[in-house]
Structures are given as C-alpha cells and as structure tokens.
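Enquirer: So I've got this file, coords.cif, and it contains mmCIF, C-alpha atoms:
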```cif
data_upload
#
loop_
_atom_site.label_atom_id
_atom_site.label_comp_id
_atom_site.auth_asym_id
_atom_site.auth_seq_id
_atom_site.Cartn_x
_atom_site.Cartn_y
_atom_site.Cartn_z
CA MET O 8 98.74 94.27 13.80
CA ASN O 9 100.16 91.34 11.79
CA ALA O 10 100.04 90.92 8.03
CA ARG O 11 97.48 88.10 8.07
CA GLN O 12 95.02 90.04 10.19
CA THR O 13 95.53 93.15 8.08
CA LEU O 14 94.75 91.27 4.85
CA PHE O 15 91.92 88.96 5.95
CA GLY O 16 90.35 90.98 8.77
CA PRO O 17 88.35 93.29 6.46
CA ILE O 18 86.66 90.36 4.73
CA PHE O 19 84.61 89.19 7.73
CA ASP O 20 85.80 90.66 11.03
CA GLN O 21 85.96 94.29 9.88
CA ASN O 22 84.09 94.21 6.59
CA PRO O 23 83.74 97.82 5.36
CA ILE O 24 80.14 97.30 4.18
CA MET O 25 78.68 94.75 6.61
CA LEU O 26 80.29 96.06 9.80
CA GLN O 27 81.18 99.68 9.10
CA VAL O 28 78.36 100.29 6.55
CA LEU O 29 80.65 102.21 4.17
CA GLY O 30 80.53 102.35 0.38
CA ILE O 31 76.87 101.40 0.39
CA CYS O 32 75.81 103.58 -2.57
CA SER O 33 77.64 101.63 -5.26
CA ALA O 34 76.60 98.37 -3.60
CA LEU O 35 72.96 99.36 -4.12
CA ALA O 36 73.33 100.76 -7.62
CA ILE O 37 75.55 98.45 -9.66
CA THR O 38 74.90 94.96 -8.27
CA ASN O 39 72.05 94.03 -10.64
CA SER O 40 74.58 92.05 -12.69
CA VAL O 41 77.70 90.11 -11.74
CA SER O 42 79.77 91.65 -14.54
CA THR O 43 79.28 95.24 -13.33
CA ALA O 44 79.88 94.19 -9.72
CA LEU O 45 83.13 92.44 -10.66
CA THR O 46 84.34 95.45 -12.64
CA MET O 47 83.49 97.87 -9.84
CA SER O 48 85.16 95.56 -7.32
CA ILE O 49 88.38 95.43 -9.33
CA ALA O 50 88.30 99.21 -9.84
CA LEU O 51 87.85 100.03 -6.17
CA THR O 52 90.40 97.44 -5.03
CA ALA O 53 92.96 98.87 -7.45
CA VAL O 54 92.32 102.44 -6.32
CA VAL O 55 92.34 101.76 -2.57
CA THR O 56 95.52 99.67 -2.85
CA PHE O 57 97.26 102.29 -5.01
CA ALA O 58 96.19 105.11 -2.69
CA ASN O 59 97.31 103.27 0.45
CA VAL O 60 100.74 102.46 -0.95
CA SER O 61 101.28 105.97 -2.36
CA ILE O 62 100.20 107.74 0.82
CA SER O 63 102.25 105.42 3.01
CA LEU O 64 105.29 106.04 0.80
CA ILE O 65 105.20 109.83 1.33
CA ARG O 66 103.48 109.95 4.74
CA ARG O 67 106.48 111.53 6.49
CA GLN O 68 106.63 114.34 3.92
CA ILE O 69 102.92 115.27 4.00
CA PRO O 70 102.23 118.34 6.18
CA GLY O 71 99.36 117.68 8.55
CA SER O 72 97.52 120.82 7.42
CA VAL O 73 97.13 119.58 3.83
CA ARG O 74 97.06 115.82 4.28
CA ILE O 75 93.38 115.46 3.23
CA VAL O 76 94.02 117.47 0.06
CA VAL O 77 97.03 115.28 -0.78
CA GLN O 78 95.08 112.11 -0.09
CA VAL O 79 92.14 113.16 -2.29
CA THR O 80 94.56 114.15 -5.08
CA ILE O 81 96.25 110.75 -4.99
CA ILE O 82 92.90 108.94 -4.92
CA ALA O 83 91.61 111.05 -7.82
CA THR O 84 94.73 110.18 -9.82
CA GLY O 85 94.08 106.48 -9.30
CA VAL O 86 90.42 106.89 -10.29
CA ILE O 87 91.35 108.73 -13.50
CA VAL O 88 93.79 105.97 -14.48
CA VAL O 89 91.20 103.24 -13.80
CA ASP O 90 88.52 105.17 -15.72
CA GLU O 91 90.80 105.66 -18.74
CA VAL O 92 91.76 101.96 -18.74
CA LEU O 93 88.07 101.01 -18.71
CA LYS O 94 87.31 103.41 -21.56
CA ALA O 95 90.19 101.97 -23.58
CA TYR O 96 89.64 98.25 -23.00
CA ALA O 97 85.98 97.95 -21.90
CA PRO O 98 84.09 100.94 -23.34
CA ASP O 99 80.65 99.37 -22.89
CA MET O 100 81.34 98.68 -19.22
CA ALA O 101 82.77 102.18 -18.79
CA ARG O 102 79.51 103.63 -20.14
CA THR O 103 77.49 101.39 -17.82
CA LEU O 104 79.41 102.39 -14.69
CA THR O 105 80.00 106.02 -15.78
CA VAL O 106 79.50 108.12 -12.64
CA PHE O 107 80.05 105.28 -10.18
CA VAL O 108 83.74 104.91 -11.06
CA GLY O 109 84.20 108.65 -10.63
CA LEU O 110 82.50 108.52 -7.25
CA ILE O 111 85.29 106.25 -5.96
CA VAL O 112 87.07 109.55 -5.21
CA THR O 113 84.55 110.23 -2.45
CA ASN O 114 84.07 106.61 -1.40
CA CYS O 115 84.34 106.42 2.39
CA ILE O 116 86.31 103.17 2.23
CA VAL O 117 89.13 104.62 0.14
CA LEU O 118 89.50 107.91 1.99
CA GLY O 119 88.91 106.22 5.34
CA ARG O 120 91.74 103.71 4.88
CA ALA O 121 94.08 106.45 3.68
CA GLU O 122 93.35 108.62 6.72
CA SER O 123 93.11 105.94 9.41
CA PHE O 124 95.73 103.42 8.23
CA ALA O 125 98.06 104.36 5.37
CA ILE O 126 99.09 107.69 6.89
CA LYS O 127 100.29 105.83 10.03
CA ASN O 128 101.77 102.57 8.71
CA GLY O 129 104.47 101.22 6.41
CA ILE O 130 104.15 100.37 2.74
CA TRP O 131 103.71 96.59 3.08
CA LEU O 132 100.97 96.74 5.71
CA SER O 133 99.27 99.58 3.83
CA PHE O 134 99.29 97.47 0.66
CA LEU O 135 97.72 94.53 2.52
CA ASP O 136 95.16 96.81 4.19
CA GLY O 137 94.10 98.26 0.83
CA LEU O 138 93.91 94.85 -0.78
CA GLY O 139 92.00 93.39 2.19
CA ASN O 140 89.42 96.17 2.26
CA GLY O 141 89.01 95.88 -1.50
CA LEU O 142 88.40 92.15 -1.13
CA GLY O 143 85.91 92.74 1.69
CA TYR O 144 84.02 95.23 -0.47
CA SER O 145 84.20 92.85 -3.45
CA PHE O 146 82.88 89.92 -1.41
CA VAL O 147 79.67 91.76 -0.56
CA LEU O 148 79.16 93.14 -4.07
CA ILE O 149 79.65 89.75 -5.72
CA VAL O 150 77.31 87.92 -3.31
CA VAL O 151 74.60 90.56 -3.76
CA SER O 152 75.01 90.61 -7.55
CA VAL O 153 74.84 86.81 -7.82
CA VAL O 154 71.55 86.74 -5.88
CA ARG O 155 70.07 89.65 -7.84
CA GLU O 156 71.06 88.48 -11.31
CA LEU O 157 70.33 84.80 -10.70
CA PHE O 158 66.85 85.24 -9.25
CA GLY O 159 66.06 88.49 -11.05
CA ALA O 160 67.04 87.44 -14.57
CA GLY O 161 67.87 83.73 -14.32
CA THR O 162 71.44 84.32 -15.50
CA ILE O 163 75.00 84.60 -14.20
CA LEU O 164 77.39 86.80 -16.20
CA GLY O 165 74.72 86.86 -18.91
CA TYR O 166 74.62 83.06 -19.27
CA GLU O 167 71.30 81.34 -18.61
CA VAL O 168 71.26 79.27 -15.42
CA LEU O 169 67.55 79.08 -14.64
CA PRO O 170 65.51 78.41 -17.82
CA LEU O 171 62.92 81.17 -18.13
CA VAL O 172 59.23 80.55 -18.75
CA GLN O 173 59.17 82.84 -21.79
CA ASP O 174 61.87 80.66 -23.36
CA GLY O 175 60.05 77.41 -22.62
CA GLY O 176 61.64 76.83 -19.21
CA TRP O 177 60.18 76.70 -15.71
CA TYR O 178 61.54 79.76 -13.86
CA VAL O 179 59.56 82.99 -13.51
CA PRO O 180 62.14 85.73 -12.74
CA ASN O 181 61.51 88.10 -9.85
CA GLN O 182 62.33 91.36 -11.59
CA MET O 183 61.97 93.31 -8.35
CA LEU O 184 65.43 91.97 -7.53
CA LEU O 185 66.84 94.02 -10.39
CA LEU O 186 65.71 97.25 -8.70
CA PRO O 187 68.21 99.02 -6.37
CA PRO O 188 66.10 98.68 -3.17
CA SER O 189 66.45 94.88 -3.35
CA ALA O 190 70.20 95.23 -2.72
CA PHE O 191 69.41 97.14 0.47
CA PHE O 192 67.40 94.20 1.83
CA ILE O 193 69.98 91.61 0.74
CA ILE O 194 72.80 93.54 2.43
CA GLY O 195 70.61 93.95 5.53
CA LEU O 196 70.07 90.18 5.60
CA MET O 197 73.82 89.59 5.25
CA ILE O 198 74.50 91.97 8.14
CA TRP O 199 71.92 90.16 10.29
CA ILE O 200 73.42 86.73 9.47
CA LEU O 201 76.96 87.95 10.24
CA ARG O 202 75.97 89.48 13.55
CA ARG O 203 73.98 86.43 14.57
CA ALA O 204 77.07 84.32 13.85
CA ARG O 205 79.39 86.86 15.53
CA PRO O 206 77.51 88.47 18.44
CA GLU O 207 80.64 90.44 19.40
CA GLN O 208 80.06 92.61 16.33
CA VAL O 209 76.73 93.93 17.61
CA GLU O 210 77.17 97.54 18.69
CA LYS O 211 76.72 98.26 22.37
CA PRO O 212 73.97 100.79 23.18
CA GLU O 213 75.23 104.35 23.48
CA PHE O 214 73.35 104.87 26.74
CA GLU O 215 71.64 102.81 29.40
CA GLU O 216 68.05 103.20 30.46
CA ILE O 217 67.83 104.63 33.96
CA ARG O 218 64.90 103.57 36.11
CA LEU O 219 63.78 105.30 39.25
CA HIS O 220 63.82 103.32 42.48
CA GLY O 221 60.84 100.99 42.57
CA GLU O 222 59.88 101.62 38.93
CA GLU O 223 58.92 98.44 37.12
CA LYS O 224 59.76 97.71 33.53
CA GLY O 225 56.95 98.73 31.20
CA SER O 226 55.27 101.02 33.77
#
```
Just give me the structure as structure tokens.
Expert:
Amino acid sequence: MNARQTLFGPIFDQNPIMLQVLGICSALAITNSVSTALTMSIALTAVVTFANVSISLIRRQIPGSVRIVVQVTIIATGVIVVDEVLKAYAPDMARTLTVFVGLIVTNCIVLGRAESFAIKNGIWLSFLDGLGNGLGYSFVLIVVSVVRELFGAGTILGYEVLPLVQDGGWYVPNQMLLLPPSAFFIIGLMIWILRRARPEQVEKPEFEEIRLHGEEKGS
C-alpha cells in the first residue's frame, strides 16, 4: 500500500462512516452545528493519529496477549490530553461535547485502525492512515453539520446565512433537522449517492437464492 492511497483512500474509497459504517454515534449526536462537528473532527483525528503512531512505534515490543489493553491505554491517554486541552482553551465547547470526547476511547474507528493497521505497519504509513481516517470521518461530519445547521437554523458557524422569517427574512427553518434522527437520514443519503457513483462498493450478498429445477421466480 503506497502513501497516497493510505492517506486519501479513507476519504472516499474506504470512508470509515460511509463504507464501513463506523463511528456513527457521534455523527448522529453532535452534527447539529458546524462548530461542534469541527471540534469533534479535530479531536478524533488527533487521537487516531497519535494512537496509530504510538502503537506502530512500540508494535514489536507489545506482547500479543495484552495488545488490546495496551492499545486502549494509549488511546485513552490521547483522549485525556485532548479533553484537558478543550477544557483549558474552549471550556464552553468542552461542556457541549462532554461525554462524546470521552467516548472516542471506544470509537470503532480509532481502535479498529490501531488493531488492523498500526500494529502491522511502520510509523510513517501509520501516521498517514490515522490522518486519512480522521479526514474521512471529518468529511462526513462537516457535510452533515452544514446541511443540518444551514437548513435547520439558517446559520453556518452561528452566522446568519438564510434570513429567518422571525427576523424579517424569508426562510422558515426546518427544526426537525436539528434533531439527531435527521443525521441518520442524511448519512443514509450520502451512502446511497456514493454507492450509486461507485457500484463496486455495494456489498455482495452473503448467500445466493437456490431454486429447484423448474421453479419459476415468484412462484
């Protein structure tokens, strides 16, 4: 696997949310505004990159019997650092995200990349893999948050884009978009668009229908 594919592959070809359907919980919960989505994206990208590099650095010294424990410990360390930085420099955002930053420890993307990639590859490729998966995750979160905040509140990053009726404008906001289930439908639409554009990403059926000799379809 070359460096370019490792970095850019997770954005479209192997996107952790749209193809692998990982890390979906935070994508549903914190994408009602672009600012929270950006912060969460930066936090996860920092943690997954740090974890990949750290695990790759000591991969030859980690006994196989305790590798998961070591990986979770390293990930938790990165999460604690990110959480403390947020509390120090963006306390309001830290209170908004609260539990979701802590849940990065159990995020399937972070642990999955540590177990499937960083433990088997060198530092440079592991760095690119972490960064690429963070960017793929961030891409989905930012797109979803832009749609939800723009059409749900008429703003982007808190700045008015669509003048609201209650302020003398013309736009009536669809506040249903600010509810978590709306993110589910937006992500579903993104997955459908991606798989229509890239049919090779559609999963093959796990089994084939077997018909008896002479049996007609629909009988």
Enquirer: I'd like the residues picked by the PyMOL selection byres ((chain O and resi 130) around 6) written out as a ChimeraX atom specification, using the chain letters and numbers from the file.
Expert: /O:60,63,129,131-133
Enquirer: Take the PyMOL selection byres ((chain O and resi 134) around 12), apply it to the structure above, and return the hits as an MDAnalysis selection string.
Expert: chainID O and resid 10 13:14 52:64 120:121 124:126 128:133 135:141
Enquirer: Between atom CA of O:Arg102 and atom CA of O:Gln27, what is the distance, to one decimal in Å?
Expert: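 Between atom CA of O:Arg102 and atom CA of O:Gln27 the gap is 29.6 Å.
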Enquirer: Can you give me, as a count of residues only, the residues this file yields under the PyMOL selection byres ((chain O and resi 18-20) around 12)?
Expert: 38
Enquirer: So which one's closest to O:Ile49, O:Val153, O:Pro170, O:Ile111, O:Glu122? Using all atoms listed in the file, please.
Expert: O:Ile111
Enquirer: Find the distance between atom CA of O:Lys211 and atom CA of O:Ile194 and write it in Å to one decimal.
Expert: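 Interatomic distance here is 20.9 Å.
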Enquirer: Please measure the separation of atom CA of O:Val172 and atom CA of O:Val150, giving the value in Å to one decimal.
Expert: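 Pair atom CA of O:Val172 / atom CA of O:Val150 returns 24.9 Å.
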Enquirer: Do you know which residues are at most 10 Å from O:Ala34 counting all atoms listed in the file, after dropping those on the same chain fewer than 2 positions away, and could you put them as a list in words?
Expert: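 So, after excluding close chain neighbours, the residues are Ile24, Leu29, Gly30, Ile31, Cys32, Ala36, Ile37, Thr38, Asn39, Ala44, Met47, Ser48, Tyr144, Ser145, Val147, Leu148, Ile149, Val151, Ser152, Pro187, Ala190, Phe191 and Ile194 of chain O.
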Enquirer: Looking at all atoms listed in the file, which of O:Lys127, O:Gly195, O:Thr43, O:Phe158 is the one that sits closest to O:Arg67?
Expert: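 Among O:Lys127, O:Gly195, O:Thr43, O:Phe158, it is O:Lys127 that comes nearest to O:Arg67.
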Enquirer: I need the residue nearest O:Gly109 from this list: O:Ile163, O:Ala50, O:Val77, O:Met183. Use only C-alpha atoms for the distance.
Expert: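 Of the candidates, the smallest distance to O:Gly109 is held by O:Ala50.
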Enquirer: Using all atoms listed in the file, find the one residue out of O:Val108, O:Ser72, O:Gly159, O:Ser42 that sits nearest to O:Leu171.
Expert: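 Under the stated criterion, the closest residue is O:Gly159.
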Enquirer: Step by step, gather every atom of stretch 142-152 of chain O that the file lists, find the box along x, y and z that holds them, add 8 Å on each side, and finally give centre and edge lengths in Å to one decimal, as JSON.
Expert:
```
{"center_x": 81.5, "center_y": 91.6, "center_z": -2.9, "size_x": 29.8, "size_y": 23.3, "size_z": 25.2}
```
Enquirer: Which polymer residues, protein or nucleic acid, are no farther than 12 Å from (90.8, 105.6, -17.4), counting all atoms listed in the file, as a ChimeraX atom specification?
Expert: /O:50,54,83-98,100-102,105,108-109
Enquirer: Point out the residue among O:Val79, O:Ala160, O:Leu185, O:Leu196 with the least atom-to-atom distance to O:Val112, counting all atoms listed in the file.
Expert: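 Counting all atoms listed in the file, the residue closest to O:Val112 is O:Val79.
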